[in-house]
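Next comes protein-v3.cif, with mmCIF, C-alpha atoms.
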```cif
data_input
loop_
_atom_site.group_PDB
_atom_site.id
_atom_site.type_symbol
_atom_site.label_atom_id
_atom_site.label_comp_id
_atom_site.auth_asym_id
_atom_site.auth_seq_id
_atom_site.Cartn_x
_atom_site.Cartn_y
_atom_site.Cartn_z
ATOM 1 C CA MET V 1 -2.155 11.722 -48.049
ATOM 2 C CA THR V 2 -0.297 8.980 -49.826
ATOM 3 C CA PHE V 3 0.388 8.158 -53.429
ATOM 4 C CA ALA V 4 1.215 4.539 -52.663
ATOM 5 C CA ILE V 5 -1.313 2.530 -54.627
ATOM 6 C CA GLN V 6 -1.426 -0.370 -52.181
ATOM 7 C CA GLU V 7 -2.203 2.012 -49.314
ATOM 8 C CA ILE V 8 -4.898 3.705 -51.385
ATOM 9 C CA LEU V 9 -6.503 0.358 -52.279
ATOM 10 C CA LYS V 10 -6.351 -0.751 -48.656
ATOM 11 C CA SER V 11 -7.979 2.490 -47.547
ATOM 12 C CA LYS V 12 -10.714 2.212 -50.182
ATOM 13 C CA ARG V 13 -11.429 -1.365 -49.162
ATOM 14 C CA ALA V 14 -11.672 -0.329 -45.519
ATOM 15 C CA LEU V 15 -14.118 2.480 -46.379
ATOM 16 C CA ARG V 16 -16.289 0.091 -48.393
ATOM 17 C CA GLU V 17 -16.289 -2.388 -45.515
ATOM 18 C CA ARG V 18 -17.281 0.333 -43.036
ATOM 19 C CA LEU V 19 -20.116 1.458 -45.286
ATOM 20 C CA ALA V 20 -21.306 -2.109 -45.919
ATOM 21 C CA ALA V 21 -21.412 -2.787 -42.184
ATOM 22 C CA ARG V 22 -23.881 0.020 -41.499
ATOM 23 C CA PRO V 23 -27.560 -0.677 -40.793
ATOM 24 C CA TYR V 24 -29.732 -1.020 -43.903
ATOM 25 C CA ALA V 25 -31.787 2.079 -43.117
ATOM 26 C CA GLU V 26 -28.638 4.203 -42.911
ATOM 27 C CA LYS V 27 -27.346 2.834 -46.189
ATOM 28 C CA LEU V 28 -30.680 3.564 -47.860
ATOM 29 C CA ARG V 29 -30.451 7.158 -46.662
ATOM 30 C CA LEU V 30 -27.050 7.410 -48.354
ATOM 31 C CA LEU V 31 -28.548 5.791 -51.446
ATOM 32 C CA GLU V 32 -31.219 8.472 -51.537
ATOM 33 C CA GLN V 33 -28.567 11.166 -51.354
ATOM 34 C CA LEU V 34 -26.603 9.474 -54.141
ATOM 35 C CA ARG V 35 -29.734 9.381 -56.279
ATOM 36 C CA GLU V 36 -30.481 13.046 -55.664
ATOM 37 C CA CYS V 37 -26.923 13.820 -56.659
ATOM 38 C CA SER V 38 -27.176 11.762 -59.843
ATOM 39 C CA LEU V 39 -30.415 13.492 -60.786
ATOM 40 C CA ALA V 40 -28.878 16.887 -60.105
ATOM 41 C CA ILE V 41 -25.917 16.067 -62.328
ATOM 42 C CA ALA V 42 -28.212 14.724 -65.024
ATOM 43 C CA ALA V 43 -30.201 17.941 -64.900
ATOM 44 C CA ARG V 44 -26.917 19.863 -65.246
ATOM 45 C CA SER V 45 -27.663 21.633 -62.045
ATOM 46 C CA SER V 46 -25.287 24.464 -61.312
ATOM 47 C CA SER V 47 -25.324 23.496 -57.670
ATOM 48 C CA ASP V 48 -24.069 20.228 -56.250
ATOM 49 C CA LYS V 49 -25.457 20.831 -52.791
ATOM 50 C CA GLY V 50 -26.885 17.682 -51.327
ATOM 51 C CA CYS V 51 -24.439 15.455 -53.192
ATOM 52 C CA VAL V 52 -23.131 12.940 -50.731
ATOM 53 C CA ASN V 53 -19.440 12.355 -50.233
ATOM 54 C CA LEU V 54 -19.274 8.868 -48.787
ATOM 55 C CA ALA V 55 -15.832 9.533 -47.372
ATOM 56 C CA SER V 56 -16.860 12.721 -45.591
ATOM 57 C CA ASP V 57 -17.128 13.035 -41.862
ATOM 58 C CA ASP V 58 -20.890 13.590 -42.172
ATOM 59 C CA ALA V 59 -21.341 10.368 -44.110
ATOM 60 C CA ARG V 60 -19.196 8.492 -41.625
ATOM 61 C CA GLN V 61 -21.413 9.654 -38.801
ATOM 62 C CA THR V 62 -24.739 9.179 -40.586
ATOM 63 C CA MET Z 1 -37.000 8.491 -45.610
ATOM 64 C CA LYS Z 2 -38.712 8.160 -48.959
ATOM 65 C CA LEU Z 3 -37.755 4.531 -49.526
ATOM 66 C CA LYS Z 4 -39.510 3.735 -46.276
ATOM 67 C CA GLU Z 5 -42.668 5.235 -47.833
ATOM 68 C CA VAL Z 6 -42.186 2.976 -50.864
ATOM 69 C CA PHE Z 7 -41.983 -0.082 -48.631
ATOM 70 C CA ALA Z 8 -44.995 1.088 -46.625
ATOM 71 C CA ALA Z 9 -47.112 1.399 -49.788
ATOM 72 C CA ILE Z 10 -46.084 -2.076 -50.961
ATOM 73 C CA ASN Z 11 -46.753 -3.554 -47.525
ATOM 74 C CA ARG Z 12 -50.199 -2.009 -47.538
ATOM 75 C CA MET Z 13 -50.848 -3.527 -50.934
ATOM 76 C CA LYS Z 14 -49.720 -6.894 -49.564
ATOM 77 C CA SER Z 15 -51.965 -6.566 -46.509
ATOM 78 C CA ASP Z 16 -54.907 -5.738 -48.755
ATOM 79 C CA GLY Z 17 -54.328 -8.890 -50.783
ATOM 80 C CA VAL Z 18 -53.280 -7.352 -54.080
ATOM 81 C CA ILE Z 19 -50.004 -9.264 -54.003
ATOM 82 C CA ASP Z 20 -49.018 -12.374 -52.136
ATOM 83 C CA ARG Z 21 -45.308 -11.936 -51.520
ATOM 84 C CA TYR Z 22 -42.634 -9.531 -52.641
ATOM 85 C CA ALA Z 23 -38.914 -9.013 -52.349
ATOM 86 C CA ILE Z 24 -36.552 -6.206 -53.179
ATOM 87 C CA GLY Z 25 -33.870 -6.977 -55.747
ATOM 88 C CA GLY Z 26 -31.527 -4.873 -57.849
ATOM 89 C CA ALA Z 27 -29.281 -2.235 -56.370
ATOM 90 C CA VAL Z 28 -31.595 -1.454 -53.438
ATOM 91 C CA GLY Z 29 -31.539 -5.136 -52.507
ATOM 92 C CA ALA Z 30 -27.772 -5.373 -52.987
ATOM 93 C CA THR Z 31 -27.306 -2.409 -50.665
ATOM 94 C CA PHE Z 32 -28.480 -4.649 -47.815
ATOM 95 C CA TYR Z 33 -25.175 -6.538 -48.150
ATOM 96 C CA LEU Z 34 -22.800 -4.030 -49.749
ATOM 97 C CA GLU Z 35 -21.905 -0.377 -49.515
ATOM 98 C CA PRO Z 36 -24.692 1.788 -50.994
ATOM 99 C CA VAL Z 37 -25.044 0.856 -54.671
ATOM 100 C CA ALA Z 38 -26.105 3.938 -56.627
ATOM 101 C CA THR Z 39 -29.352 3.526 -58.521
ATOM 102 C CA LEU Z 40 -32.217 5.576 -59.862
ATOM 103 C CA ASP Z 41 -35.006 3.038 -59.371
ATOM 104 C CA VAL Z 42 -36.322 0.215 -57.198
ATOM 105 C CA ASP Z 43 -36.888 -3.314 -58.484
ATOM 106 C CA VAL Z 44 -39.662 -5.151 -56.661
ATOM 107 C CA PHE Z 45 -40.306 -8.780 -57.512
ATOM 108 C CA VAL Z 46 -43.855 -9.853 -56.751
ATOM 109 C CA ILE Z 47 -45.984 -12.945 -56.631
ATOM 110 C CA PHE Z 48 -49.662 -12.359 -57.255
ATOM 111 C CA ARG Z 49 -52.565 -13.982 -55.563
ATOM 112 C CA PRO Z 50 -54.304 -15.996 -58.266
ATOM 113 C CA GLU Z 51 -57.483 -14.343 -59.428
ATOM 114 C CA PRO Z 52 -60.328 -16.827 -59.852
ATOM 115 C CA GLY Z 53 -61.226 -17.355 -63.493
ATOM 116 C CA ARG Z 54 -58.203 -15.478 -64.826
ATOM 117 C CA LEU Z 55 -55.600 -17.273 -66.885
ATOM 118 C CA ILE Z 56 -53.388 -14.307 -67.683
ATOM 119 C CA ILE Z 57 -51.483 -12.707 -64.843
ATOM 120 C CA SER Z 58 -51.577 -8.953 -65.161
ATOM 121 C CA PRO Z 59 -49.876 -6.284 -63.067
ATOM 122 C CA GLN Z 60 -52.890 -4.035 -63.602
ATOM 123 C CA PRO Z 61 -54.227 -4.500 -60.030
ATOM 124 C CA ILE Z 62 -50.899 -3.140 -58.724
ATOM 125 C CA PHE Z 63 -51.144 -0.090 -60.960
ATOM 126 C CA ASP Z 64 -54.796 0.465 -60.022
ATOM 127 C CA TYR Z 65 -54.133 0.116 -56.300
ATOM 128 C CA LEU Z 66 -51.065 2.332 -56.129
ATOM 129 C CA THR Z 67 -52.338 5.073 -58.422
ATOM 130 C CA ALA Z 68 -55.388 5.291 -56.160
ATOM 131 C CA LEU Z 69 -52.908 5.963 -53.341
ATOM 132 C CA GLY Z 70 -51.293 8.776 -55.319
ATOM 133 C CA ALA Z 71 -48.569 7.014 -57.285
ATOM 134 C CA THR Z 72 -48.052 8.147 -60.865
ATOM 135 C CA ILE Z 73 -47.226 6.085 -63.924
ATOM 136 C CA GLU Z 74 -44.088 6.855 -65.912
ATOM 137 C CA GLY Z 75 -43.565 4.291 -68.636
ATOM 138 C CA GLU Z 76 -42.895 0.942 -67.008
ATOM 139 C CA TYR Z 77 -42.527 2.552 -63.599
ATOM 140 C CA LEU Z 78 -44.850 3.545 -60.822
ATOM 141 C CA VAL Z 79 -43.481 6.597 -59.068
ATOM 142 C CA ILE Z 80 -44.004 6.265 -55.334
ATOM 143 C CA ALA Z 81 -42.708 8.922 -52.950
ATOM 144 C CA GLY Z 82 -40.492 10.228 -55.746
ATOM 145 C CA TRP Z 83 -38.906 6.837 -56.504
ATOM 146 C CA PRO Z 84 -39.558 5.053 -59.799
ATOM 147 C CA VAL Z 85 -40.547 1.525 -58.804
ATOM 148 C CA ARG Z 86 -40.613 -1.348 -61.266
ATOM 149 C CA PHE Z 87 -42.775 -4.345 -60.385
ATOM 150 C CA LEU Z 88 -41.462 -7.538 -61.891
ATOM 151 C CA LEU Z 89 -43.016 -10.963 -62.095
ATOM 152 C CA PRO Z 90 -40.739 -13.944 -61.583
ATOM 153 C CA THR Z 91 -39.447 -15.037 -64.970
ATOM 154 C CA SER Z 92 -37.630 -18.166 -63.826
ATOM 155 C CA PRO Z 93 -37.733 -20.764 -61.042
ATOM 156 C CA LEU Z 94 -34.623 -19.058 -59.639
ATOM 157 C CA VAL Z 95 -36.482 -15.787 -59.124
ATOM 158 C CA GLU Z 96 -39.502 -17.623 -57.691
ATOM 159 C CA GLU Z 97 -37.191 -19.294 -55.179
ATOM 160 C CA ALA Z 98 -35.489 -15.974 -54.430
ATOM 161 C CA ILE Z 99 -38.852 -14.426 -53.532
ATOM 162 C CA ALA Z 100 -39.867 -17.435 -51.430
ATOM 163 C CA GLU Z 101 -36.595 -17.391 -49.475
ATOM 164 C CA ALA Z 102 -36.172 -13.633 -49.154
ATOM 165 C CA LEU Z 103 -35.011 -12.319 -45.803
ATOM 166 C CA GLN Z 104 -37.261 -10.122 -43.732
ATOM 167 C CA THR Z 105 -35.688 -6.959 -42.446
ATOM 168 C CA ASP Z 106 -36.970 -3.555 -41.470
ATOM 169 C CA VAL Z 107 -36.266 0.012 -42.409
ATOM 170 C CA ASP Z 108 -36.880 2.361 -39.518
ATOM 171 C CA GLY Z 109 -39.636 0.058 -38.267
ATOM 172 C CA GLU Z 110 -41.175 -0.694 -41.685
ATOM 173 C CA PRO Z 111 -40.848 -4.383 -42.560
ATOM 174 C CA THR Z 112 -39.569 -5.402 -45.955
ATOM 175 C CA TRP Z 113 -38.088 -8.436 -47.706
ATOM 176 C CA VAL Z 114 -34.775 -8.594 -49.512
ATOM 177 C CA PHE Z 115 -33.313 -11.338 -51.714
ATOM 178 C CA THR Z 116 -30.525 -13.310 -50.087
ATOM 179 C CA ALA Z 117 -27.019 -12.361 -51.214
ATOM 180 C CA GLU Z 118 -26.632 -15.724 -52.932
ATOM 181 C CA HIS Z 119 -29.880 -15.307 -54.872
ATOM 182 C CA LEU Z 120 -28.907 -11.772 -55.917
ATOM 183 C CA ALA Z 121 -25.565 -13.151 -57.102
ATOM 184 C CA ALA Z 122 -27.178 -16.055 -58.976
ATOM 185 C CA ILE Z 123 -29.733 -13.757 -60.616
ATOM 186 C CA ALA Z 124 -26.921 -11.392 -61.638
ATOM 187 C CA LEU Z 125 -25.069 -14.331 -63.156
ATOM 188 C CA GLN Z 126 -28.210 -15.515 -64.935
ATOM 189 C CA THR Z 127 -29.011 -12.033 -66.274
ATOM 190 C CA GLY Z 128 -25.416 -11.597 -67.369
ATOM 191 C CA ARG Z 129 -25.202 -7.938 -68.402
ATOM 192 C CA ALA Z 130 -21.956 -6.079 -67.764
ATOM 193 C CA LYS Z 131 -23.447 -4.297 -64.746
ATOM 194 C CA ASP Z 132 -24.687 -7.611 -63.338
ATOM 195 C CA LYS Z 133 -21.191 -9.076 -63.602
ATOM 196 C CA ALA Z 134 -19.767 -5.987 -61.913
ATOM 197 C CA ARG Z 135 -22.230 -6.454 -59.060
ATOM 198 C CA LEU Z 136 -21.365 -10.112 -58.756
ATOM 199 C CA LEU Z 137 -17.719 -9.116 -58.402
ATOM 200 C CA GLN Z 138 -18.702 -6.642 -55.692
ATOM 201 C CA PHE Z 139 -20.390 -9.440 -53.747
ATOM 202 C CA ILE Z 140 -17.316 -11.645 -54.092
ATOM 203 C CA GLU Z 141 -14.865 -8.897 -53.125
ATOM 204 C CA ALA Z 142 -16.999 -7.972 -50.121
ATOM 205 C CA GLY Z 143 -17.021 -11.578 -48.929
ATOM 206 C CA ALA Z 144 -20.821 -11.351 -48.782
ATOM 207 C CA LEU Z 145 -21.515 -14.793 -50.240
ATOM 208 C CA ASP Z 146 -21.830 -18.183 -48.566
ATOM 209 C CA ALA Z 147 -19.959 -20.360 -51.073
ATOM 210 C CA GLU Z 148 -21.780 -23.549 -50.136
ATOM 211 C CA ARG Z 149 -25.185 -21.938 -50.433
ATOM 212 C CA LEU Z 150 -24.325 -20.246 -53.732
ATOM 213 C CA ASP Z 151 -22.986 -23.521 -55.086
ATOM 214 C CA ALA Z 152 -26.254 -25.286 -54.249
ATOM 215 C CA ILE Z 153 -28.302 -22.577 -55.996
ATOM 216 C CA LEU Z 154 -26.067 -22.633 -59.085
ATOM 217 C CA LYS Z 155 -26.367 -26.418 -59.348
ATOM 218 C CA LYS Z 156 -30.117 -26.417 -58.792
ATOM 219 C CA HIS Z 157 -30.750 -23.814 -61.480
ATOM 220 C CA GLY Z 158 -28.288 -24.999 -64.116
ATOM 221 C CA LEU Z 159 -25.871 -22.106 -63.748
ATOM 222 C CA VAL Z 160 -22.650 -23.992 -63.048
ATOM 223 C CA GLU Z 161 -21.309 -23.655 -66.571
ATOM 224 C CA LYS Z 162 -22.099 -19.963 -66.608
ATOM 225 C CA TRP Z 163 -20.306 -19.573 -63.267
ATOM 226 C CA GLN Z 164 -17.257 -21.388 -64.600
ATOM 227 C CA ARG Z 165 -17.125 -19.017 -67.559
ATOM 228 C CA PHE Z 166 -17.445 -16.072 -65.188
ATOM 229 C CA GLU Z 167 -14.651 -17.481 -63.035
ATOM 230 C CA ARG Z 168 -12.359 -17.903 -66.037
ATOM 231 C CA GLN Z 169 -13.166 -14.410 -67.240
ATOM 232 C CA PHE Z 170 -12.875 -12.486 -63.991
ATOM 233 C CA LEU Z 171 -11.427 -14.584 -61.182
ATOM 234 C CA SER Z 172 -8.555 -16.317 -62.897
ATOM 235 C CA ASP Z 173 -4.964 -15.052 -62.905
ATOM 236 C CA GLU Z 174 -4.465 -16.594 -66.325
ATOM 237 C CA LEU Z 175 -4.475 -14.248 -69.283
#
```
I need this file expressed as structure tokens, please.
Amino acid sequence: MTFAIQEILKSKRALRERLAARPYAEKLRLLEQLRECSLAIAARSSSDKGCVNLASDDARQT
Amino acid sequence: MKLKEVFAAINRMKSDGVIDRYAIGGAVGATFYLEPVATLDVDVFVIFRPEPGRLIISPQPIFDYLTALGATIEGEYLVIAGWPVRFLLPTSPLVEEAIAEALQTDVDGEPTWVFTAEHLAAIALQTGRAKDKARLLQFIEAGALDAERLDAILKKHGLVEKWQRFERQFLSDEL
């Protein structure tokens, strides 16, 4: 972990580029997970299962 | 995937002649070029086949067709496979052109059409809400736009001045 802002920005940019480069169908699957998460939050669900973490290993491999 | 079911229903409607052409815009369209852009709905821009003897274009045939397939109506949306889908008619020559020049792609074997990145950017500029400007910045930061192509679209549709204002506001180092 780093607290250097330039490194953080560089890392975020790289993650966004990796995500953008994925096939459309894969990105739409992530979009569906994001939507489910948003709906769960909106419904004040006590559980956040199913919420996608785009930086997680699972998301990277999706 | 549920979005694939949405595209399948729209394709079926196209095959059956209810609509002529369609293209996906909004966040679902932008996701073709960018990282997934969170959204709660799907914007589908459609061109109707002209109905003989009818002067007023109505989206009613879309509602009739899709509700017969099991979609439900929620306000301005048709809910298909759990996704609220908004069908929009082109409101400007820019949107008409965007539909005509949309790119064909496929989602797990289901064909669909998506606005080009430059048309999405130009429409965002034309619409001009805060979230549209934020999306336009995303396109620029991602390097997703062909500058020459965007320039031609902006000139053709009278958006150069608006672009210059946007540039001054967001892309200039000057305070």
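The spacing separating atom CA of V:Arg16 from atom CA of Z:Leu137 amounts to 13.7 Å.
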- Query: the PyMOL selection byres ((chain V) within 10 of (chain Z)) on the file shown: which residues, as a ChimeraX atom specification?
  - Reply: /V:13,15-39,54
- Task: For Z:Pro59, work out the shell of residues within 9 Å, counting all atoms listed in the file and skipping chain neighbours fewer than 6 positions away, then give it as a PyMOL selection string.
- Result: chain Z and resi 48+87-89
- List as a ChimeraX atom specification: which residues have an atom within 10 Å of (-42.7, 4.1, -60.5), counting only C-alpha atoms? /Z:6,41-43,63,66-67,71-87
Would you put the residues from that selection into a file with C-alpha atoms, as a short mmCIF file (atom, residue, chain, number, x, y, z; two decimals), in the coordinates of the input?
```cif
data_model
loop_
_atom_site.label_atom_id
_atom_site.label_comp_id
_atom_site.auth_asym_id
_atom_site.auth_seq_id
_atom_site.Cartn_x
_atom_site.Cartn_y
_atom_site.Cartn_z
CA VAL Z 6 -42.19 2.98 -50.86
CA ASP Z 41 -35.01 3.04 -59.37
CA VAL Z 42 -36.32 0.22 -57.20
CA ASP Z 43 -36.89 -3.31 -58.48
CA PHE Z 63 -51.14 -0.09 -60.96
CA LEU Z 66 -51.06 2.33 -56.13
CA THR Z 67 -52.34 5.07 -58.42
CA ALA Z 71 -48.57 7.01 -57.28
CA THR Z 72 -48.05 8.15 -60.86
CA ILE Z 73 -47.23 6.08 -63.92
CA GLU Z 74 -44.09 6.86 -65.91
CA GLY Z 75 -43.56 4.29 -68.64
CA GLU Z 76 -42.90 0.94 -67.01
CA TYR Z 77 -42.53 2.55 -63.60
CA LEU Z 78 -44.85 3.54 -60.82
CA VAL Z 79 -43.48 6.60 -59.07
CA ILE Z 80 -44.00 6.26 -55.33
CA ALA Z 81 -42.71 8.92 -52.95
CA GLY Z 82 -40.49 10.23 -55.75
CA TRP Z 83 -38.91 6.84 -56.50
CA PRO Z 84 -39.56 5.05 -59.80
CA VAL Z 85 -40.55 1.52 -58.80
CA ARG Z 86 -40.61 -1.35 -61.27
CA PHE Z 87 -42.78 -4.34 -60.38
#
```
Let me know the residues the PyMOL selection byres ((chain Z and resi 150) around 9) catches in the file above, as a PDB file with C-alpha atoms, keeping the file's coordinate frame.
```pdb
ATOM      1  CA  ALA Z 117     -27.019 -12.361 -51.214  1.00  0.00           C
ATOM      2  CA  GLU Z 118     -26.632 -15.724 -52.932  1.00  0.00           C
ATOM      3  CA  HIS Z 119     -29.880 -15.307 -54.872  1.00  0.00           C
ATOM      4  CA  ALA Z 121     -25.565 -13.151 -57.102  1.00  0.00           C
ATOM      5  CA  ALA Z 122     -27.178 -16.055 -58.976  1.00  0.00           C
ATOM      6  CA  LEU Z 145     -21.515 -14.793 -50.240  1.00  0.00           C
ATOM      7  CA  ASP Z 146     -21.830 -18.183 -48.566  1.00  0.00           C
ATOM      8  CA  ALA Z 147     -19.959 -20.360 -51.073  1.00  0.00           C
ATOM      9  CA  GLU Z 148     -21.780 -23.549 -50.136  1.00  0.00           C
ATOM     10  CA  ARG Z 149     -25.185 -21.938 -50.433  1.00  0.00           C
ATOM     11  CA  ASP Z 151     -22.986 -23.521 -55.086  1.00  0.00           C
ATOM     12  CA  ALA Z 152     -26.254 -25.286 -54.249  1.00  0.00           C
ATOM     13  CA  ILE Z 153     -28.302 -22.577 -55.996  1.00  0.00           C
ATOM     14  CA  LEU Z 154     -26.067 -22.633 -59.085  1.00  0.00           C
ATOM     15  CA  LYS Z 155     -26.367 -26.418 -59.348  1.00  0.00           C
TER      16      LYS Z 155
END
```
- Message: Give me, as a ChimeraX atom specification, all polymer residues having an atom no more than 12 Å from Z:Ile99, counting all atoms listed in the file and skipping those fewer than 4 positions away in the same chain.
- Response: /Z:20-25,29,44-48,88-95,103-104,112-116,119-120,123
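Relative to atom CA of V:Leu9, atom CA of Z:Phe170 is found at 18.5 Å.
Atom pair atom CA of Z:Glu96 / atom CA of Z:Pro61: separated by 19.9 Å.
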- Note on the structure: Using only C-alpha atoms, the residue out of Z:Trp163, Z:Asp16, Z:Ala9, Z:Ala30 with shortest distance to Z:Arg135 is Z:Ala30
